[in-house]
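Enquirer: Contents of my_file05.cif (mmCIF, C-alpha atoms and all ligand atoms):
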```cif
data_input
#
loop_
_atom_site.label_atom_id
_atom_site.label_comp_id
_atom_site.auth_asym_id
_atom_site.auth_seq_id
_atom_site.Cartn_x
_atom_site.Cartn_y
_atom_site.Cartn_z
CA MET S 210 114.92 176.16 107.74
CA GLY S 211 113.51 176.00 104.24
CA GLU S 212 112.12 178.75 102.07
CA ALA S 213 108.74 177.18 101.32
CA ALA S 214 105.50 178.69 102.60
CA ILE S 215 103.70 176.31 104.97
CA ILE S 216 100.17 175.39 103.94
CA ASP S 217 98.24 175.35 107.21
CA GLY S 218 95.61 172.63 106.81
CA LYS S 219 94.68 172.81 110.47
CA ALA S 220 93.65 176.47 110.22
CA PHE S 221 91.88 175.91 106.88
CA ALA S 222 89.96 172.95 108.34
CA GLU S 223 88.89 175.05 111.35
CA ASN S 224 87.53 177.75 109.03
CA LEU S 225 85.76 175.16 106.90
CA ARG S 226 84.11 173.65 109.98
CA ALA S 227 82.96 177.12 111.05
CA ARG S 228 81.37 177.63 107.60
CA VAL S 229 79.73 174.19 107.81
CA ALA S 230 78.36 175.08 111.26
CA GLU S 231 76.76 178.24 109.83
CA VAL S 232 75.15 176.34 106.98
CA ALA S 233 74.05 173.60 109.42
CA ALA S 234 72.30 176.23 111.57
CA GLY S 235 70.44 177.44 108.48
CA PHE S 236 69.47 173.85 107.66
CA LEU S 237 68.01 173.36 111.16
CA GLU S 238 65.81 176.42 110.63
CA LYS S 239 64.62 175.34 107.19
CA ALA S 240 64.22 171.60 107.81
CA ASN S 241 63.17 171.72 111.48
CA ARG S 242 65.73 169.06 112.30
CA LYS S 243 69.48 168.78 112.46
CA ALA S 244 71.44 167.26 109.59
CA GLY S 245 72.59 163.75 110.56
CA LEU S 246 75.72 161.67 109.92
CA ALA S 247 75.72 157.94 110.70
CA VAL S 248 79.06 156.20 111.22
CA VAL S 249 79.24 152.41 111.30
CA LEU S 250 82.23 150.77 112.96
CA VAL S 251 82.71 147.00 112.90
CA GLY S 252 85.23 145.61 115.41
CA GLU S 253 87.63 147.35 117.75
CA ASP S 254 90.57 148.46 115.63
CA PRO S 255 92.17 151.16 117.85
CA ALA S 256 92.94 153.61 115.01
CA SER S 257 89.39 153.28 113.62
CA GLN S 258 87.97 153.86 117.09
CA VAL S 259 89.91 157.12 117.38
CA TYR S 260 88.72 158.26 113.91
CA VAL S 261 85.10 157.44 114.71
CA ARG S 262 85.25 159.24 118.05
CA ASN S 263 86.73 162.36 116.42
CA LYS S 264 84.17 162.30 113.63
CA GLY S 265 81.34 162.07 116.18
CA LYS S 266 82.71 164.95 118.29
CA GLN S 267 83.25 167.24 115.31
CA THR S 268 79.83 166.42 113.85
CA VAL S 269 78.14 167.50 117.08
CA ALA S 270 80.39 170.57 117.36
CA CYS S 271 79.12 171.67 113.92
CA GLY S 272 75.50 171.48 115.08
CA MET S 273 74.70 168.19 113.38
CA GLU S 274 73.43 164.89 114.77
CA SER S 275 75.90 162.01 115.08
CA PHE S 276 74.61 158.42 114.99
CA GLU S 277 77.20 155.82 115.92
CA HIS S 278 76.64 152.13 115.23
CA LYS S 279 79.29 149.94 116.81
CA LEU S 280 79.04 146.30 115.80
CA PRO S 281 81.07 143.37 117.14
CA VAL S 282 83.93 142.07 115.00
CA ASP S 283 82.08 138.78 114.34
CA THR S 284 78.99 140.54 112.89
CA SER S 285 77.87 138.74 109.73
CA GLU S 286 78.00 140.57 106.42
CA ALA S 287 74.21 140.16 106.11
CA ASP S 288 73.68 141.88 109.47
CA LEU S 289 75.95 144.77 108.45
CA LEU S 290 74.08 145.14 105.14
CA ALA S 291 70.81 145.23 107.10
CA VAL S 292 72.15 148.11 109.24
CA VAL S 293 73.18 150.01 106.09
CA GLU S 294 69.72 149.45 104.56
CA GLN S 295 68.07 150.72 107.72
CA LEU S 296 70.23 153.90 107.55
CA ASN S 297 69.41 154.29 103.84
CA ASN S 298 65.73 154.40 104.80
CA ASP S 299 66.09 156.62 107.88
CA PRO S 300 65.04 160.20 107.05
CA ALA S 301 67.09 161.56 109.99
CA VAL S 302 70.28 160.24 108.36
CA ASP S 303 71.73 162.39 105.56
CA GLY S 304 75.18 160.84 105.33
CA ILE S 305 76.41 157.28 105.91
CA LEU S 306 80.00 156.31 106.47
CA VAL S 307 81.16 152.73 106.99
CA GLN S 308 84.58 152.89 108.62
CA LEU S 309 87.20 150.93 106.64
CA PRO S 310 88.93 148.54 106.80
CA LEU S 311 86.20 145.99 107.49
CA PRO S 312 87.02 142.58 109.01
CA GLY S 313 88.35 140.05 106.49
CA HIS S 314 85.11 138.02 106.24
CA MET S 315 83.28 141.00 104.71
CA ASP S 316 83.29 142.13 101.07
CA GLU S 317 84.00 145.89 101.28
CA ALA S 318 82.89 146.54 97.70
CA LYS S 319 79.53 144.89 98.38
CA VAL S 320 79.00 146.89 101.57
CA ILE S 321 79.84 150.20 99.84
CA ALA S 322 77.56 149.27 96.92
CA THR S 323 74.68 148.92 99.40
CA ILE S 324 74.94 152.54 100.61
CA ASN S 325 72.47 154.89 98.90
CA PRO S 326 74.80 156.93 96.60
CA ASP S 327 72.99 160.12 97.66
CA LYS S 328 74.00 159.44 101.29
CA ASP S 329 77.51 158.22 100.37
CA VAL S 330 79.41 161.16 101.89
CA ASP S 331 82.72 159.27 101.56
CA GLY S 332 82.26 159.23 97.77
CA PHE S 333 83.35 155.59 97.43
CA HIS S 334 80.21 154.20 95.73
CA VAL S 335 80.76 153.43 92.03
CA VAL S 336 77.91 155.80 91.16
CA ASN S 337 79.83 158.66 92.78
CA VAL S 338 83.10 157.50 91.18
CA GLY S 339 81.29 157.65 87.82
CA ARG S 340 79.77 161.04 88.58
CA LEU S 341 83.22 162.44 89.39
CA ALA S 342 84.69 160.95 86.21
CA THR S 343 81.93 162.43 84.03
CA GLY S 344 81.61 165.79 85.79
CA LEU S 345 78.18 165.25 87.36
CA PRO S 346 77.36 166.48 90.86
CA GLY S 347 77.90 163.74 93.43
CA PHE S 348 80.14 163.14 96.41
CA VAL S 349 83.93 163.22 96.19
CA PRO S 350 86.23 161.34 98.61
CA CYS S 351 87.12 163.65 101.48
CA THR S 352 90.92 163.54 101.52
CA PRO S 353 91.50 164.40 97.83
CA LEU S 354 88.76 167.05 97.89
CA GLY S 355 90.52 168.58 100.91
CA CYS S 356 93.80 168.62 98.95
CA VAL S 357 92.19 170.50 96.03
CA MET S 358 90.68 173.02 98.45
CA LEU S 359 94.15 173.71 99.91
CA LEU S 360 95.65 174.01 96.42
CA LYS S 361 93.00 176.45 95.19
CA ASP S 362 93.31 178.49 98.36
CA LYS S 363 97.07 178.78 97.79
CA LEU S 364 97.29 179.05 94.00
CA GLY S 365 93.90 180.34 92.83
CA SER S 366 93.28 178.81 89.40
CA LEU S 367 95.06 175.50 88.74
CA SER S 368 94.32 175.66 85.01
CA GLY S 369 97.17 174.55 82.76
CA LEU S 370 99.48 173.50 85.61
CA ASP S 371 101.42 170.23 85.44
CA ALA S 372 100.46 167.94 88.33
CA VAL S 373 101.87 164.59 89.38
CA VAL S 374 99.88 162.32 91.69
CA ILE S 375 102.02 159.62 93.26
CA GLY S 376 99.70 156.73 94.17
CA ARG S 377 96.65 155.30 92.42
CA SER S 378 94.42 154.06 95.24
CA ASN S 379 90.65 154.36 94.92
CA ILE S 380 90.56 156.42 98.11
CA VAL S 381 93.20 159.03 97.30
CA GLY S 382 95.25 158.75 94.08
CA LYS S 383 92.55 158.12 91.46
CA PRO S 384 89.97 160.65 92.70
CA MET S 385 92.81 163.15 93.19
CA ALA S 386 93.79 162.75 89.53
CA GLN S 387 90.15 163.20 88.42
CA LEU S 388 89.76 166.36 90.51
CA LEU S 389 92.95 167.89 89.12
CA LEU S 390 91.83 167.04 85.59
CA ALA S 391 88.52 168.77 86.31
CA GLU S 392 90.57 171.84 87.36
CA SER S 393 92.29 171.66 83.92
CA CYS S 394 95.67 170.48 85.16
CA THR S 395 97.82 168.24 82.96
CA VAL S 396 97.91 165.17 85.18
CA THR S 397 100.47 162.38 85.49
CA VAL S 398 99.56 159.47 87.77
CA ALA S 399 102.66 157.68 89.09
CA HIS S 400 102.73 154.36 90.99
CA SER S 401 105.03 151.54 92.00
CA ARG S 402 105.73 150.59 88.36
CA THR S 403 106.59 154.12 87.20
CA LYS S 404 110.00 153.91 85.50
CA ASP S 405 111.53 157.21 86.57
CA LEU S 406 109.63 158.79 89.44
CA PRO S 407 112.10 161.64 90.14
CA GLU S 408 111.84 162.66 86.47
CA ALA S 409 108.01 162.69 86.60
CA VAL S 410 108.12 164.77 89.78
CA ARG S 411 110.67 167.22 88.31
CA ARG S 412 108.21 168.32 85.61
CA ALA S 413 105.38 169.07 88.04
CA ASP S 414 104.11 172.41 89.33
CA ILE S 415 101.94 170.45 91.78
CA VAL S 416 103.10 167.28 93.54
CA ILE S 417 100.63 165.11 95.46
CA ALA S 418 102.27 162.31 97.44
CA ALA S 419 99.88 159.53 98.50
CA VAL S 420 102.13 156.51 98.77
CA GLY S 421 102.47 155.35 102.37
CA ARG S 422 106.31 155.36 102.30
CA PRO S 423 108.01 157.58 104.90
CA GLU S 424 109.88 160.57 103.42
CA MET S 425 110.19 158.98 99.97
CA VAL S 426 109.93 162.16 97.86
CA LYS S 427 113.19 164.12 98.07
CA GLY S 428 113.77 167.84 97.69
CA GLU S 429 116.16 167.33 94.78
CA TRP S 430 113.35 165.68 92.77
CA LEU S 431 111.25 168.86 92.88
CA LYS S 432 110.94 171.68 90.37
CA PRO S 433 111.90 174.86 92.27
CA GLY S 434 108.77 176.64 93.48
CA ALA S 435 106.50 173.59 93.16
CA THR S 436 103.50 173.24 95.47
CA VAL S 437 103.74 170.01 97.46
CA ILE S 438 100.76 168.29 99.10
CA ASP S 439 101.82 165.44 101.38
CA VAL S 440 98.96 163.00 102.05
CA GLY S 441 101.16 160.39 103.74
CA ILE S 442 100.74 159.51 107.40
CA ASN S 443 103.54 157.21 108.53
CA ARG S 444 104.57 156.35 112.07
CA VAL S 445 108.33 155.93 112.44
CA PRO S 446 110.63 155.46 115.45
CA GLY S 447 111.21 158.76 117.27
CA ALA S 448 114.41 160.25 118.68
CA GLU S 449 113.67 158.84 122.14
CA GLU S 450 113.62 155.09 122.56
CA GLY S 451 110.13 153.61 122.56
CA LYS S 452 108.60 156.83 121.14
CA THR S 453 107.24 157.25 117.62
CA ARG S 454 106.60 160.31 115.45
CA LEU S 455 104.50 161.01 112.37
CA VAL S 456 106.10 161.76 109.03
CA GLY S 457 104.66 162.17 105.54
CA ASP S 458 105.62 160.64 102.21
CA VAL S 459 107.76 163.72 101.49
CA ASP S 460 111.15 164.42 103.05
CA PHE S 461 110.02 167.72 104.56
CA ALA S 462 113.51 169.02 105.43
CA SER S 463 114.90 168.81 101.88
CA ALA S 464 111.57 169.51 100.10
CA SER S 465 110.94 172.74 102.00
CA GLU S 466 114.28 174.07 100.66
CA VAL S 467 113.05 173.77 97.05
CA ALA S 468 109.23 173.91 97.10
CA GLY S 469 107.28 177.16 96.89
CA ALA S 470 104.68 175.86 99.35
CA ILE S 471 104.26 172.60 101.25
CA THR S 472 101.88 170.93 103.68
CA PRO S 473 103.42 169.76 106.95
CA VAL S 474 102.74 166.37 108.59
CA PRO S 475 100.97 166.55 110.96
CA GLY S 476 98.82 169.67 110.47
CA GLY S 477 98.50 169.66 106.67
CA VAL S 478 96.15 167.31 104.83
CA GLY S 479 95.21 165.23 107.90
CA PRO S 480 92.82 167.72 109.56
CA MET S 481 91.07 168.37 106.22
CA THR S 482 89.53 164.90 105.91
CA ILE S 483 86.93 165.15 108.69
CA ALA S 484 86.17 168.81 107.87
CA VAL S 485 85.35 167.81 104.27
CA LEU S 486 83.26 164.88 105.53
CA LEU S 487 81.13 167.37 107.48
CA ARG S 488 80.95 169.59 104.40
CA ASN S 489 79.75 166.65 102.31
CA THR S 490 77.16 165.77 104.96
CA ILE S 491 75.57 169.23 105.06
CA VAL S 492 75.53 169.27 101.25
CA ALA S 493 73.82 165.83 101.24
CA ALA S 494 71.24 167.05 103.77
CA HIS S 495 70.23 169.97 101.54
CA ARG S 496 70.24 168.02 98.28
CA ASN S 497 68.22 165.13 99.67
CA MET S 498 65.54 167.45 101.01
CA GLY S 499 65.46 169.53 97.83
CA LEU S 500 66.71 172.63 99.71
CA GLU S 501 68.89 175.27 98.07
CA ILE S 502 72.51 175.45 99.19
CA ASP S 503 75.28 177.76 98.04
CA GLU S 504 78.06 175.17 97.74
CA SER S 505 80.56 177.87 96.74
CA VAL S 506 80.75 179.09 100.37
CA LEU S 507 81.88 175.61 101.39
P1 LIG L 1 97.57 152.62 99.21
O1 LIG L 1 96.20 152.14 98.90
O2 LIG L 1 98.53 151.72 99.90
O3 LIG L 1 98.22 153.12 97.82
C1 LIG L 1 99.56 153.47 97.76
C2 LIG L 1 99.91 153.81 96.33
O4 LIG L 1 101.30 154.17 96.30
C3 LIG L 1 99.73 152.66 95.35
O5 LIG L 1 99.07 153.12 94.20
C4 LIG L 1 101.16 152.21 95.03
O6 LIG L 1 101.35 151.78 93.70
C5 LIG L 1 101.94 153.49 95.23
N1 LIG L 1 103.33 153.19 95.55
C6 LIG L 1 103.81 152.31 96.47
N2 LIG L 1 105.15 152.32 96.46
C7 LIG L 1 105.53 153.20 95.50
C8 LIG L 1 106.80 153.63 95.02
N3 LIG L 1 107.95 153.15 95.52
N4 LIG L 1 106.80 154.55 94.04
C9 LIG L 1 105.68 155.05 93.53
N5 LIG L 1 104.44 154.67 93.96
C10 LIG L 1 104.38 153.76 94.93
O7 LIG L 1 97.53 153.95 100.09
P2 LIG L 1 96.42 155.12 100.23
O8 LIG L 1 95.24 154.62 100.96
O9 LIG L 1 96.23 155.81 98.92
O10 LIG L 1 97.21 156.10 101.22
C11 LIG L 1 98.44 156.71 100.87
C12 LIG L 1 99.00 157.45 102.09
O11 LIG L 1 98.09 158.48 102.46
C13 LIG L 1 99.19 156.60 103.34
O12 LIG L 1 100.32 157.09 104.04
C14 LIG L 1 97.95 156.88 104.16
O13 LIG L 1 98.15 156.73 105.54
C15 LIG L 1 97.70 158.32 103.81
N6 LIG L 1 96.28 158.74 103.93
C16 LIG L 1 96.03 159.89 104.62
C17 LIG L 1 94.73 160.34 104.74
C18 LIG L 1 94.49 161.61 105.50
O14 LIG L 1 95.31 162.47 105.55
N7 LIG L 1 93.36 161.81 106.09
C19 LIG L 1 93.68 159.64 104.16
C20 LIG L 1 93.96 158.49 103.41
C21 LIG L 1 95.29 158.06 103.30
P3 LIG L 1 100.68 150.42 93.10
O15 LIG L 1 99.25 150.78 92.83
O16 LIG L 1 101.45 150.18 91.87
O17 LIG L 1 100.84 149.38 94.17
#
```
Would you give me this structure, written as structure tokens?
Expert:
Amino acid sequence: MGEAAIIDGKAFAENLRARVAEVAAGFLEKANRKAGLAVVLVGEDPASQVYVRNKGKQTVACGMESFEHKLPVDTSEADLLAVVEQLNNDPAVDGILVQLPLPGHMDEAKVIATINPDKDVDGFHVVNVGRLATGLPGFVPCTPLGCVMLLKDKLGSLSGLDAVVIGRSNIVGKPMAQLLLAESCTVTVAHSRTKDLPEAVRRADIVIAAVGRPEMVKGEWLKPGATVIDVGINRVPGAEEGKTRLVGDVDFASASEVAGAITPVPGGVGPMTIAVLLRNTIVAAHRNMGLEIDESVL
């Protein structure tokens, strides 16, 4: 067994959901209605169906309204845009999430651009990307925001720390880098063309792995005592034939021998994503109705 402290994302997410539920109860009193999250799912992708079901359940469990719109896989882009417009104009809907990926005949960027940025609780709209980059209040993508919450909970101030983000996707890597910069980290963003990844990782006090390659980051790459956040979710063959298991982008066995603290997979970053989505939704509900909210408790 390794020396590293385990960062328990499952427990943190449970606490966050409890805080969201308290704030949601206060919103109901002030606004005379529940805060509402609309989730749009096009097609029948099994993984997306599971995500949408879990989002709906957890939304209701937090005392908010869940609106699910399930559209057939052959829905036209125009019809999907019309649904988004209708949700933009619906005062009962505070947050809108269009489950990705969309079927190939749809332009994801165009669909996201149609969401009202003030209801864009996923933080993918270019207006929110720009707000994050310039330090204006907006909505930040849920997974990277969840990672920063775990880091601040573990380390307190991140100011002056060296961070490496492995991966530069719009959903995780880039917003992660922006958030760490906003926390005054010195940030390196690594990707598939990075010349010497182990060397970049060795310098870092904070390592964020968001690659999608099972157990790629090895313990011997790490600076002793580093804090490691593993965003990866990879299904690999299990010990028993026909069974699979989940692993991250970090080789947990070797990394936990060297790291100071590390998130496990599962039970680390994964549970944070929906909890932060609910947090973003209750924040959107208050902001859009001009109601005060103490965001620091969330
Ligand atoms: P993505 O869009 O596929 O991006 C992967 C990134 O990794 C790319 O920027 C790519 O570089 C980089 N990369 C690929 N191979 C590399 C290598 N050998 N060395 C260094 N960098 C390399 O993936 P994503 O959507 O960001 O997701 C990343 C992982 O996080 C996946 O395992 C995904 O399942 C997981 N995830 C988890 C959650 C959650 O916990 N809720 C949410 C979202 C994603 P290039 O840009 O150069 O191609």
Enquirer: Residues up to 10 Å from ligand LIG 1 (chain L), counting all atoms listed in the file: could you list those as a PDB file with C-alpha atoms, in the frame of the given file?
Expert:
```pdb
ATOM      1  CA  TYR S 260      88.720 158.260 113.910  1.00  0.00           C
ATOM      2  CA  PRO S 350      86.230 161.340  98.610  1.00  0.00           C
ATOM      3  CA  CYS S 351      87.120 163.650 101.480  1.00  0.00           C
ATOM      4  CA  THR S 352      90.920 163.540 101.520  1.00  0.00           C
ATOM      5  CA  PRO S 353      91.500 164.400  97.830  1.00  0.00           C
ATOM      6  CA  GLY S 355      90.520 168.580 100.910  1.00  0.00           C
ATOM      7  CA  CYS S 356      93.800 168.620  98.950  1.00  0.00           C
ATOM      8  CA  VAL S 374      99.880 162.320  91.690  1.00  0.00           C
ATOM      9  CA  ILE S 375     102.020 159.620  93.260  1.00  0.00           C
ATOM     10  CA  GLY S 376      99.700 156.730  94.170  1.00  0.00           C
ATOM     11  CA  ARG S 377      96.650 155.300  92.420  1.00  0.00           C
ATOM     12  CA  SER S 378      94.420 154.060  95.240  1.00  0.00           C
ATOM     13  CA  ASN S 379      90.650 154.360  94.920  1.00  0.00           C
ATOM     14  CA  ILE S 380      90.560 156.420  98.110  1.00  0.00           C
ATOM     15  CA  VAL S 381      93.200 159.030  97.300  1.00  0.00           C
ATOM     16  CA  GLY S 382      95.250 158.750  94.080  1.00  0.00           C
ATOM     17  CA  LYS S 383      92.550 158.120  91.460  1.00  0.00           C
ATOM     18  CA  MET S 385      92.810 163.150  93.190  1.00  0.00           C
ATOM     19  CA  VAL S 398      99.560 159.470  87.770  1.00  0.00           C
ATOM     20  CA  ALA S 399     102.660 157.680  89.090  1.00  0.00           C
ATOM     21  CA  HIS S 400     102.730 154.360  90.990  1.00  0.00           C
ATOM     22  CA  SER S 401     105.030 151.540  92.000  1.00  0.00           C
ATOM     23  CA  ARG S 402     105.730 150.590  88.360  1.00  0.00           C
ATOM     24  CA  THR S 403     106.590 154.120  87.200  1.00  0.00           C
ATOM     25  CA  LYS S 404     110.000 153.910  85.500  1.00  0.00           C
ATOM     26  CA  ASP S 405     111.530 157.210  86.570  1.00  0.00           C
ATOM     27  CA  LEU S 406     109.630 158.790  89.440  1.00  0.00           C
ATOM     28  CA  PRO S 407     112.100 161.640  90.140  1.00  0.00           C
ATOM     29  CA  ILE S 417     100.630 165.110  95.460  1.00  0.00           C
ATOM     30  CA  ALA S 418     102.270 162.310  97.440  1.00  0.00           C
ATOM     31  CA  ALA S 419      99.880 159.530  98.500  1.00  0.00           C
ATOM     32  CA  VAL S 420     102.130 156.510  98.770  1.00  0.00           C
ATOM     33  CA  GLY S 421     102.470 155.350 102.370  1.00  0.00           C
ATOM     34  CA  ARG S 422     106.310 155.360 102.300  1.00  0.00           C
ATOM     35  CA  PRO S 423     108.010 157.580 104.900  1.00  0.00           C
ATOM     36  CA  MET S 425     110.190 158.980  99.970  1.00  0.00           C
ATOM     37  CA  VAL S 426     109.930 162.160  97.860  1.00  0.00           C
ATOM     38  CA  ASP S 439     101.820 165.440 101.380  1.00  0.00           C
ATOM     39  CA  VAL S 440      98.960 163.000 102.050  1.00  0.00           C
ATOM     40  CA  GLY S 441     101.160 160.390 103.740  1.00  0.00           C
ATOM     41  CA  ILE S 442     100.740 159.510 107.400  1.00  0.00           C
ATOM     42  CA  ASN S 443     103.540 157.210 108.530  1.00  0.00           C
ATOM     43  CA  ARG S 444     104.570 156.350 112.070  1.00  0.00           C
ATOM     44  CA  VAL S 456     106.100 161.760 109.030  1.00  0.00           C
ATOM     45  CA  GLY S 457     104.660 162.170 105.540  1.00  0.00           C
ATOM     46  CA  ASP S 458     105.620 160.640 102.210  1.00  0.00           C
ATOM     47  CA  VAL S 474     102.740 166.370 108.590  1.00  0.00           C
ATOM     48  CA  PRO S 475     100.970 166.550 110.960  1.00  0.00           C
ATOM     49  CA  GLY S 476      98.820 169.670 110.470  1.00  0.00           C
ATOM     50  CA  GLY S 477      98.500 169.660 106.670  1.00  0.00           C
ATOM     51  CA  VAL S 478      96.150 167.310 104.830  1.00  0.00           C
ATOM     52  CA  GLY S 479      95.210 165.230 107.900  1.00  0.00           C
ATOM     53  CA  PRO S 480      92.820 167.720 109.560  1.00  0.00           C
ATOM     54  CA  MET S 481      91.070 168.370 106.220  1.00  0.00           C
ATOM     55  CA  THR S 482      89.530 164.900 105.910  1.00  0.00           C
ATOM     56  CA  ILE S 483      86.930 165.150 108.690  1.00  0.00           C
TER      57      ILE S 483
END
```
Enquirer: So which one's closest to Arg412 (chain S), S:Ala435, S:Leu309, S:Cys394, S:Leu225? Using all atoms listed in the file, please.
Expert: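 Smallest distance to Arg412 (chain S) is found for S:Ala435.
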Enquirer: Report the distance between CA of Asn298 (chain S) and CA of Ile502 (chain S) in Å, rounded to one decimal place.
Expert: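 Interatomic distance, CA of Asn298 (chain S) to CA of Ile502 (chain S): 22.8 Å.
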Enquirer: Of the candidates S:Gln258, S:Ser465, S:Ser366, S:Asn325, which one gets nearest to Ala493 (chain S) if we count all atoms listed in the file?
Expert: S:Asn325
Enquirer: From the list S:Asn297, S:Thr490, S:Asn263, S:Thr284, which residue is nearest Ala230 (chain S) when using only C-alpha atoms?
Expert: S:Thr490
Enquirer: Please, what distance in Å, to one decimal, runs between CA of Ala494 (chain S) and CA of Val349 (chain S)?
Expert: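 These two atoms are separated by 15.3 Å.
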Enquirer: Record the distance separating CA of Leu388 (chain S) and CA of Leu500 (chain S), expressed in Å with one decimal.
Expert: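 We find that CA of Leu388 (chain S) and CA of Leu500 (chain S) lie 25.6 Å from each other.
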